[in-house]
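Colleague: This is the structure I have questions about; it appears just below.
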Amino acid sequence: MKKGLVIIGAGIIGVMTALNLVEKGYRDIVIVEKKYPGSGGSFRCATGIRASFTSLEHVELMKRSIQLWPLLSEKYNIPYARHGYVWLFTREEDLEMFRCIVDFHNKNGVPTRIVSPEEIAELVPTIKTDQLVGGVYDPLAGKASCFKALLNPLAYILRKGVKLVESTTVYKVLIESGRARGVLTDKGVIEADKVLVAAGYGSKKILRESIGVDLGLRNIPKHALITEGYQGVFKPLLIDWETSSYIVQVLHGGFLIGSSLPEEPDKPPRSRLKYPVKAVNVWIRYFPWLAYTNIMRYWTGYYVMTPDHHPLIGPLSTVENLYIATGFSGHGFMMSPAVGEVMANYILGEKPNVPLVEHLLPDRIIKGRLVKEIAVFG
Amino acid sequence: MPGSSYRIVEHPVISFKRGRRVVFYYNDRPVEAYIGETILAALYAAGYRVFSYSLDGKRPRGAFCMIGKCGSCLSIVDGVPNTRICIEPVREGVRVYRQEGLPTAPLSKNVVEPVEWEEAEADALIIGGGPAGLIAAKTLGELGLDVVVVDDQPRLGGQLVKQTHRFFGSREYWGGIRGYVIAEKLAREIMGMKNVRVILQGYAYGIYSDNRVGVAVRNPLKHVIVKPKMILAGTGACEKTLWFENNDLPGIMGAGGAQTLMNEYGVRPGDEALVIGSGNVGLIVTYQLLQAGVRVKGLAEIMDHIGGWFVHAAKIRRLGVEFYFKHTIIKAIGSDRVEKAVIAEMDENYQPIPGSEKVFDVDLVLLAVGLQPNYSLFSQAGAAMKYVPELGGLVPVRTWFMETSIPGLYVAGDSSGVEEATTAFIEGEIAALSIALRLGAGNRGVLIEKRRKLLDYLWKEYRQSPVVSRARMGKLKVTVSEEEMEKIRRGEA
Ligand SMILES: Cc1cc2nc3c(=O)[nH]c(=O)nc-3n(C[C@H](O)[C@H](O)[C@H](O)COP(=O)(O)OP(=O)(O)OC[C@H]3O[C@@H](n4cnc5c(N)ncnc54)[C@H](O)[C@@H]3O)c2cc1C
């Protein structure tokens with residue numbers, strides 16, 4: 001049976017795209033998922049949401065997302081809170097650099113500001129500020145439940161007639177005379193008019209098999225851990241700039257820590273003892289009591305990186321009816337509401353709701369038109 | 001009621017040696033205890049039954065597993081929340097508070113205590129000091145290998161320490177000896193070997209990429225990073241629960257939980273009990289309840305026949321315990337502890353037959369409905385796993401020599417699929433011999449011959465008995481040849 005649209009991947013991007021299409025009345029969709037919904041990056045993420053980026057493309061996309069998050073939260077009962085981000089600096093030169101970034105933000109409608117160690121202590125109860133020279137506060141930033149954000153809209157679109165096929169791997173997009181016509185899976189062919197590749201870490205391989213190039217995608221292994229749950233201690237997500245680490249008390253109470261370790265791209269992630277050791281050591285300097293909490297889980301996942309750390313979103317000019325939404329470089333969760341919206345625009349032949357995303361068309365990689373962004377953490 | 005004592009003074013089999021008397025504080029009230037007891041055992045002896053409240057703060061939770069596997073006794077000990085008091089030894093003056101709902105973070109701790117770090121090398125690391133681990137430690141220790149044994153409990157022996165009955169089977173596999181006596185004997189032998197190091201209250205929290213294993217040790221705090229050449233994990237199993245109304249009421253306990261209280265700590269788990277499940281665990285625990293002075297008002301079994309060995313059943317029947325076949329529990333009643341339990345007869349679709357309900361006035365309901373392997377270390381390490389209902393749940397796929405798909409990581413005992421102590425001993429020894437052969441210890445021919453005999457006995461005799469056919473089927477489903485395992489490792493199977 002031929003479908004209108006096949007979405008490869010039931011991650012937050014695939015689901016949000018389908019949600020927007022359903023809301024616009026387009027329901028002839030099948031989502032093909034290798035394992036189970038959320039099993040890729042989406043359930044492994046740190047749930048952080050911010051518009052304080054250093055490129056206009058990111059800022060515009062995220063401003064739209066931050067308009068949408070509260071609406072989605074209301075409509076689909078997704079826990080979401082505008083609890084802010086605080087960047088912590090232990091070196092003067094980092095603080096200096098951020099003064100320019102804050103200027104850039106403020107000019108573009110993102111209300112970040114430089115804060116003193118005293119203000120940090122007020123924003124972040126119990127933090128030890130003795131090593132800090134200052135910070136940057138982003139009150140517009142926030143967090144949401146990554147589980148509810150995916151599962152609640154998914155339940156809704158399934159009720160509306162969208163099909164979900166789980167435990168099925170897509171090998172490649174079938175292309176005939178320059179036009180997508182379906183996908184080949186380990187369980188057979190699914191025919192469709194249009195195909196969206198939203199397969200997270202799996203996109204690289206699918207693209208290579210389908211169009212011969214991987215558009216510069218690289219899967220970088222990342223590590224995260226979470227403690228058992230506690231009552232609220234501090235609200236903002238904190239970034240320790242010097243060690244490229246973050247900590248956030250997620251909405252269900254655990255402290256989630258991410259911290260970067262040098263990793264080779266495209267290697268299967270491995271759990272390393274070094275990781276919890278580093279993660280804990282960074283944060284017990286700020287929060288000694290954290291040493292008395294229990295780590296509940298440690299997991300790995302991928303940041304799907306592009307050469308310019310900006311996502312690939314939109315149609316591919318060389319293959320008709322083939323769409324791509326991947327390469328979120330560690331920020332796909334926060335962007336998903338706006339990305340879902342613009343992908344629905346593209347698929348329905350409309351102009352994207354956020355005009356600047358036209359700079360993020362996948363072809364730019366082949367054409368060498370890269371966008372610049374420096375703020376990537378963890 | 002707090003204040004009255006549930007400590008057992010006279011017992012037909014065990015004589016309880018209690019340590020020095022100390023006093024600690026529970027919710028600011030003094031509680032008497034003896035060194036060697038856990039906090040929960042002492043509280044239970046004093047009559048406490050509610051040890052925490054559910055995350056929404058509304059439902060009381062009592063003791064359930066008593067071996068640090070479930071979350072129903074999470075408490076605040078010396079300012080540290082989420083401490084499992086069922087495995088936390090009492091100390092003079094320690095302050096313990098009941099946790100009600102999501103705890104506050106331990107904010108009163110504003111200094112990081114220095115924790116000693118140690119990196120230890122070993123030929124073999126054995127995680128879990130139950131029957132599988134103990135026999136492996138002995139085998140490898142006698143071959144002169146450097147062995148580290150880690151167990152999260154305050155003493156060695158695993159579930160053997162609470163088995164007061166005599167084991168069946170041939171003398172060679174401890175037939176006729178009581179479980180805890182075997183544990184004591186093996187523990188003594190192992191502790192006496194210079195090349196075997198035992199770390200108690202040590203939690204092996206992960207097996208990492210370069211074959212390093214992190215061990216968090218309590219009392220005193222220490223972080224030991226073990227870098228072994230080979231690992232045997234015999235992490236045991238934990239009790240399953242059942243679905244019925246109010247199944248979380250204090251007084252509803254895993255059968256093993258009750259055994260820990262009465263047989264290890266000499267604390268009577270209740271006055272009047274109902275037991276659910278007539279497998280060997282249910283039968284044995286019923287007998288032990290009687291020995292501990294608990295009245296057993298009935299034993300419900302959902303099947304129409306006894307699940308365990310007939311001799312055990314005959315023994316408790318002679319003592320007047322009533323069996324209810326084709327019955328199971330459908331409801332517990334009580335406000336903050338069990339006061340009544342309701343069982344009902346099941347129709348052929350295992351649905352309760354209306355009007356068949358029977359109500360028991362009991363303060364203890366023991367669930368003896370099977371165990372689930374403690375698989376988390378294996379899946380954390382990335383071993384190929386399989387869900388096998390006959391074995392109680394998720395278990396690692398292994399070769400006939402007990403090696404998992406992670407080269408050098410072996411499994412034995414209940415964590416390889418729930419059976420019982422005898423098979424745990426045999427699997428532990430097979431794994432140990434395989435490790436020794438890998439490391440080139442001992443006389444190769446002798447070890448191979450010994451292993452062959454064990455394998456023969458295990459598969460061609462012991463597991464041939466119809467009583468264990470289910471477990472045998474289960475084990476066959478996850479045991480593969482060396483060639484097959486290589487395929488799994490290469491991702492081809
Ligand atoms: C540790 C960590 C922390 C993070 N923190 C944040 C954060 O704070 N904020 C933020 O915005 N982002 C964060 N991210 C990034 C975010 O998780 C991802 O960008 C986002 O989840 C991407 O969503 P997705 O739908 O594109 O991909 P995924 O969620 O990975 O979904 C892709 C799906 O495709 C499936 N798939 C793959 N290959 C195939 C195939 N061949 N056939 C069929 N299905 C296939 C996968 O199983 C998967 O379910 C973090 C990521 C990690 C790893």
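Going by the structure tokens order, chains are called A, B, ..., each with residues numbered from 1, while ligands are numbered from 1 in the order shown.
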Using only C-alpha atoms and all ligand atoms, what are the residues with an atom within 7 Å of ligand 1, set out as a PyMOL selection string?
Modeller: chain A and resi 8-14+32-49+168-171+198-203+206+222-224+258+300-304+325-326+328-335
Colleague: If you take only C-alpha atoms and a cut-off of 6 Å, which residues of chain A touch chain B, and what are their nearest atom pairs and distances in Å to one decimal, in chain and number order, as a Markdown table?
Modeller:
```
| residue | atom | partner | partner_atom | distance |
| --- | --- | --- | --- | --- |
| A:Tyr230 | CA | B:Pro103 | CA | 5.2 |
| A:Gln231 | CA | B:Thr104 | CA | 5.0 |
| A:Arg270 | CA | B:Ser209 | CA | 5.9 |
| A:Ser271 | CA | B:Tyr208 | CA | 5.6 |
| A:Arg272 | CA | B:Tyr208 | CA | 5.2 |
| A:Leu273 | CA | B:Tyr208 | CA | 5.7 |
| A:Pro288 | CA | B:Asn110 | CA | 5.2 |
| A:Trp289 | CA | B:Lys109 | CA | 4.9 |
```
Colleague: Extract the full set of strand (DSSP E) residues from stretch 147-278 of chain A according to DSSP on the backbone, and format it as a PyMOL selection string.
Modeller: chain A and resi 163-165+170-176+179-185+188-197+218-229+237-240+245-249+254-259
Colleague: Would you list the contacts of stretch 256-269 of chain B as a list in words, taking every protein, DNA or RNA residue within 6 Å and counting only C-alpha atoms, but skipping same-chain residues closer than 4 positions in sequence?
Modeller: Tyr6, Arg7, Ile8, Ala45, Phe64, Cys65, Met66 and Lys162 of chain B
Colleague: Keeping only N, CA and C atoms, take the residues you just selected and write them out as a tab-separated table (two decimals), in the first residue's frame.
Modeller:
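What ended up in part.tsv:
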```
chain	number	residue	atom	x	y	z
B	6	TYR	N	10.71	-7.97	68.80
B	6	TYR	CA	10.49	-9.10	67.91
B	6	TYR	C	11.75	-9.95	67.80
B	7	ARG	N	12.73	-9.71	68.67
B	7	ARG	CA	13.94	-10.53	68.57
B	7	ARG	C	13.64	-11.95	69.02
B	8	ILE	N	14.14	-12.91	68.26
B	8	ILE	CA	13.92	-14.32	68.59
B	8	ILE	C	14.96	-14.73	69.63
B	45	ALA	N	12.87	-5.17	64.78
B	45	ALA	CA	12.82	-5.85	66.08
B	45	ALA	C	12.09	-4.98	67.10
B	64	PHE	N	10.81	-5.03	52.07
B	64	PHE	CA	10.41	-5.98	51.03
B	64	PHE	C	11.51	-6.98	50.69
B	65	CYS	N	12.66	-6.50	50.18
B	65	CYS	CA	13.65	-7.48	49.71
B	65	CYS	C	14.70	-7.79	50.77
B	66	MET	N	15.02	-6.79	51.59
B	66	MET	CA	15.99	-6.93	52.68
B	66	MET	C	17.43	-7.20	52.20
B	162	LYS	N	21.02	-17.21	54.87
B	162	LYS	CA	19.71	-17.33	55.51
B	162	LYS	C	19.05	-18.68	55.25
```
Colleague: Which distance in Å separates atom CA of B:Ile252 and atom CA of B:Gly62, to one decimal?
Modeller: 7.6 Å
Colleague: Please provide as a list of chain:residue names all residues within 8 Å of stretch 293-299 of chain B, with the sequence filter that same-chain residues fewer than 2 positions apart are discarded (counting only C-alpha atoms).
Modeller: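 Neighbouring residues, sequence-local ones excluded: B:Arg268, B:Pro269, B:Gly270, B:Asp271, B:Glu272, B:Ala273, B:Leu274, B:Val275, B:Ile276, B:Gly277, B:Ser278, B:Thr286, B:Leu289, B:Leu290, B:Gln291, B:Glu301, B:Val321, B:Glu322, B:Phe323, B:Tyr324, B:Phe360, B:Val362.
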Colleague: Could you write out the selected residues, including C-alpha atoms, as an mmCIF file, in the first residue's frame?
Modeller:
```
data_model
loop_
_atom_site.group_PDB
_atom_site.id
_atom_site.type_symbol
_atom_site.label_atom_id
_atom_site.label_comp_id
_atom_site.auth_asym_id
_atom_site.auth_seq_id
_atom_site.Cartn_x
_atom_site.Cartn_y
_atom_site.Cartn_z
ATOM 1 C CA ARG B 268 10.488 -12.421 63.881
ATOM 2 C CA PRO B 269 8.919 -10.942 60.738
ATOM 3 C CA GLY B 270 5.371 -11.032 62.114
ATOM 4 C CA ASP B 271 2.907 -12.885 64.292
ATOM 5 C CA GLU B 272 0.535 -14.429 61.782
ATOM 6 C CA ALA B 273 1.344 -15.073 58.181
ATOM 7 C CA LEU B 274 -0.059 -16.084 54.844
ATOM 8 C CA VAL B 275 2.355 -17.462 52.249
ATOM 9 C CA ILE B 276 1.761 -17.133 48.510
ATOM 10 C CA GLY B 277 3.451 -19.712 46.293
ATOM 11 C CA SER B 278 4.359 -23.332 46.992
ATOM 12 C CA THR B 286 6.855 -21.604 55.678
ATOM 13 C CA LEU B 289 8.398 -19.179 59.868
ATOM 14 C CA LEU B 290 7.102 -21.931 62.103
ATOM 15 C CA GLN B 291 10.583 -22.405 63.560
ATOM 16 C CA GLU B 301 -0.869 -21.853 45.352
ATOM 17 C CA VAL B 321 -0.380 -25.694 57.640
ATOM 18 C CA GLU B 322 -3.384 -25.538 55.354
ATOM 19 C CA PHE B 323 -2.789 -25.473 51.571
ATOM 20 C CA TYR B 324 -5.151 -23.624 49.239
ATOM 21 C CA PHE B 360 -7.212 -14.097 56.775
ATOM 22 C CA VAL B 362 -2.575 -11.691 59.252
#
```
Colleague: Set the distance at 8 Å and use only C-alpha atoms: which residues neighbour stretch 365-373 of chain B once local chain neighbours fewer than 6 positions away are removed? I'd like the list as a PyMOL selection string.
Modeller: chain B and resi 235-242+251-256+258+273-279+281-282+338+341+391-395+414-418
Colleague: Would you mind exporting N, CA, C and O atoms of the selected residues as a short mmCIF file (atom, residue, chain, number, x, y, z; two decimals), in the first residue's frame?
Modeller:
```cif
data_model
loop_
_atom_site.label_atom_id
_atom_site.label_comp_id
_atom_site.auth_asym_id
_atom_site.auth_seq_id
_atom_site.Cartn_x
_atom_site.Cartn_y
_atom_site.Cartn_z
N THR B 235 25.84 -12.21 40.45
CA THR B 235 25.17 -11.14 41.18
C THR B 235 23.80 -11.55 41.70
O THR B 235 23.09 -10.72 42.26
N GLY B 236 23.43 -12.82 41.50
CA GLY B 236 22.21 -13.30 42.15
C GLY B 236 20.92 -12.81 41.52
O GLY B 236 20.87 -12.47 40.34
N ALA B 237 19.91 -12.77 42.34
CA ALA B 237 18.57 -12.43 41.85
C ALA B 237 17.83 -11.68 42.93
O ALA B 237 18.28 -11.62 44.07
N CYS B 238 16.71 -11.08 42.55
CA CYS B 238 15.90 -10.45 43.58
C CYS B 238 14.45 -10.86 43.39
O CYS B 238 14.06 -11.32 42.33
N GLU B 239 13.69 -10.65 44.45
CA GLU B 239 12.34 -11.20 44.44
C GLU B 239 11.37 -10.44 43.57
O GLU B 239 11.43 -9.23 43.45
N LYS B 240 10.45 -11.19 43.01
CA LYS B 240 9.39 -10.58 42.22
C LYS B 240 8.21 -10.28 43.12
O LYS B 240 8.03 -10.91 44.15
N THR B 241 7.40 -9.36 42.66
CA THR B 241 6.18 -9.09 43.40
C THR B 241 5.00 -9.55 42.57
O THR B 241 5.17 -10.09 41.47
N LEU B 242 3.81 -9.39 43.09
CA LEU B 242 2.59 -9.77 42.37
C LEU B 242 1.70 -8.55 42.25
O LEU B 242 1.81 -7.64 43.06
N GLY B 251 4.33 -5.17 55.49
CA GLY B 251 3.93 -6.50 55.94
C GLY B 251 3.83 -7.46 54.77
O GLY B 251 3.79 -8.67 54.96
N ILE B 252 3.80 -6.90 53.55
CA ILE B 252 3.86 -7.76 52.37
C ILE B 252 5.32 -7.80 51.95
O ILE B 252 5.91 -6.76 51.65
N MET B 253 5.87 -8.95 51.99
CA MET B 253 7.31 -9.04 51.88
C MET B 253 7.70 -10.17 50.95
O MET B 253 6.95 -11.14 50.80
N GLY B 254 8.85 -10.04 50.34
CA GLY B 254 9.40 -11.16 49.61
C GLY B 254 9.75 -12.26 50.62
O GLY B 254 10.14 -11.96 51.76
N ALA B 255 9.62 -13.50 50.20
CA ALA B 255 9.92 -14.60 51.11
C ALA B 255 11.36 -14.50 51.61
O ALA B 255 11.65 -14.72 52.78
N GLY B 256 12.26 -14.13 50.70
CA GLY B 256 13.67 -14.00 51.08
C GLY B 256 13.87 -12.89 52.10
O GLY B 256 14.76 -12.95 52.94
N ALA B 258 11.83 -12.07 54.47
CA ALA B 258 11.50 -12.63 55.79
C ALA B 258 12.63 -13.53 56.28
O ALA B 258 12.98 -13.54 57.45
N ALA B 273 0.94 -15.26 59.57
CA ALA B 273 1.34 -15.07 58.18
C ALA B 273 0.50 -15.89 57.21
O ALA B 273 -0.07 -16.92 57.54
N LEU B 274 0.49 -15.36 55.97
CA LEU B 274 -0.06 -16.08 54.84
C LEU B 274 1.07 -16.15 53.82
O LEU B 274 1.75 -15.15 53.60
N VAL B 275 1.28 -17.33 53.23
CA VAL B 275 2.35 -17.46 52.25
C VAL B 275 1.74 -17.68 50.87
O VAL B 275 0.79 -18.46 50.74
N ILE B 276 2.27 -17.00 49.87
CA ILE B 276 1.76 -17.13 48.51
C ILE B 276 2.83 -17.81 47.66
O ILE B 276 3.91 -17.27 47.47
N GLY B 277 2.50 -19.00 47.16
CA GLY B 277 3.45 -19.71 46.29
C GLY B 277 4.02 -20.93 46.99
O GLY B 277 4.56 -20.82 48.10
N SER B 278 3.89 -22.11 46.35
CA SER B 278 4.36 -23.33 46.99
C SER B 278 5.56 -23.94 46.27
O SER B 278 5.75 -25.14 46.27
N GLY B 279 6.36 -23.07 45.63
CA GLY B 279 7.64 -23.55 45.13
C GLY B 279 8.54 -23.84 46.32
O GLY B 279 8.11 -23.68 47.48
N VAL B 281 10.94 -22.24 47.61
CA VAL B 281 11.14 -21.09 48.48
C VAL B 281 9.94 -20.93 49.42
O VAL B 281 10.09 -20.75 50.62
N GLY B 282 8.73 -21.02 48.85
CA GLY B 282 7.53 -20.87 49.67
C GLY B 282 7.43 -21.95 50.74
O GLY B 282 7.07 -21.67 51.88
N VAL B 338 -0.40 -4.45 56.89
CA VAL B 338 -1.39 -5.45 56.56
C VAL B 338 -2.16 -5.87 57.80
O VAL B 338 -1.55 -6.15 58.84
N ALA B 341 -5.72 -10.30 54.66
CA ALA B 341 -5.39 -10.62 53.28
C ALA B 341 -6.52 -11.48 52.73
O ALA B 341 -7.07 -12.33 53.44
N LEU B 391 13.76 -18.49 33.10
CA LEU B 391 14.88 -18.17 33.98
C LEU B 391 14.60 -16.95 34.83
O LEU B 391 15.46 -16.46 35.54
N GLY B 392 13.39 -16.43 34.73
CA GLY B 392 13.01 -15.30 35.57
C GLY B 392 13.17 -13.94 34.93
O GLY B 392 12.82 -12.93 35.54
N GLY B 393 13.69 -13.87 33.72
CA GLY B 393 13.81 -12.55 33.07
C GLY B 393 15.00 -12.45 32.15
O GLY B 393 15.37 -13.41 31.46
N LEU B 394 15.62 -11.28 32.17
CA LEU B 394 16.71 -10.98 31.26
C LEU B 394 18.01 -11.61 31.78
O LEU B 394 18.34 -11.44 32.95
N VAL B 395 18.71 -12.32 30.90
CA VAL B 395 19.99 -12.94 31.31
C VAL B 395 20.98 -12.83 30.16
O VAL B 395 20.59 -12.70 29.01
N ASP B 414 22.36 -17.53 40.08
CA ASP B 414 21.04 -17.03 39.71
C ASP B 414 21.09 -15.90 38.67
O ASP B 414 20.14 -15.73 37.90
N SER B 415 22.17 -15.14 38.63
CA SER B 415 22.21 -14.07 37.62
C SER B 415 22.33 -14.64 36.21
O SER B 415 22.10 -13.96 35.23
N SER B 416 22.67 -15.91 36.11
CA SER B 416 22.70 -16.55 34.80
C SER B 416 21.34 -17.15 34.47
O SER B 416 21.15 -17.76 33.42
N GLY B 417 20.37 -16.99 35.36
CA GLY B 417 19.05 -17.61 35.20
C GLY B 417 18.74 -18.32 36.50
O GLY B 417 19.54 -19.13 36.97
N VAL B 418 17.56 -18.03 37.06
CA VAL B 418 17.28 -18.50 38.42
C VAL B 418 17.12 -20.02 38.47
O VAL B 418 16.33 -20.60 37.75
#
```
Colleague: Got a sec: who's within 8 Å of A:Arg181, counting only C-alpha atoms, leaving out chain neighbours fewer than 5 positions off, as a CSV table (one decimal) with C-alpha atoms, in the first residue's frame?
Modeller:
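So out.csv came out as:
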```
chain,number,residue,atom,x,y,z
A,173,VAL,CA,15.7,5.7,0.2
A,174,LEU,CA,14.5,4.3,-3.1
A,175,ILE,CA,15.1,6.9,-5.8
A,176,GLU,CA,13.9,6.6,-9.4
A,191,GLU,CA,6.3,2.9,-1.2
A,192,ALA,CA,5.5,6.6,-0.7
A,193,ASP,CA,5.4,9.9,-2.6
A,194,LYS,CA,7.7,11.7,-0.2
A,195,VAL,CA,10.4,10.6,2.2
```
Colleague: Between A:Met343, A:Val277, A:Ile29, A:Leu61, single out the one closest to A:Pro355, counting only C-alpha atoms.
Modeller: A:Leu61
Colleague: Nearest to B:Tyr457 among B:Tyr173, B:Glu100, B:Met485, B:Ile135, with distances taken over only C-alpha atoms: which residue is it?
Modeller: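 The shortest atom-to-atom distance to B:Tyr457 comes from B:Tyr173.
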Colleague: With only C-alpha atoms as the counted atoms, please give the residues lying no more than 12 Å from B:Glu142, apart from itself and same-chain residues fewer than 4 positions off, as a ChimeraX atom specification.
Modeller: /B:135-138,146-147,189-190,192-196,432-433,436,441-442
Colleague: Which residue out of B:Leu43, B:Gln159, B:Glu88, B:Val96 has the minimum interatomic distance to B:Tyr25 when only C-alpha atoms are used?
Modeller: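 Closest residue, counting only C-alpha atoms: B:Val96.
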Colleague: Let's see if you can do this: from backbone DSSP, list all helix (DSSP H, G or I) residues in stretch 94-204 of chain B, as a PyMOL selection string.
Modeller: chain B and resi 131-142+158-162+171-173+179-191
Colleague: What separation in Å, quoted to one decimal, exists between atom CA of B:Gly234 and atom CA of B:Leu186?
Modeller: 15.6 Å
Colleague: Please report as a tab-separated table every residue of stretch 17-116 of chain A lying within 10 Å of stretch 305-324 of chain A, along with the nearest atom pair and their distance in Å (one decimal), using only C-alpha atoms.
Modeller:
```
residue	atom	partner	partner_atom	distance
A:Ser55	CA	A:His310	CA	9.3
A:Glu57	CA	A:His310	CA	8.5
A:His58	CA	A:His310	CA	7.6
```
Colleague: Which value, in Å to one decimal, gives the distance between atom CA of B:Lys229 and atom CA of A:Asn294?
Modeller: 28.2 Å
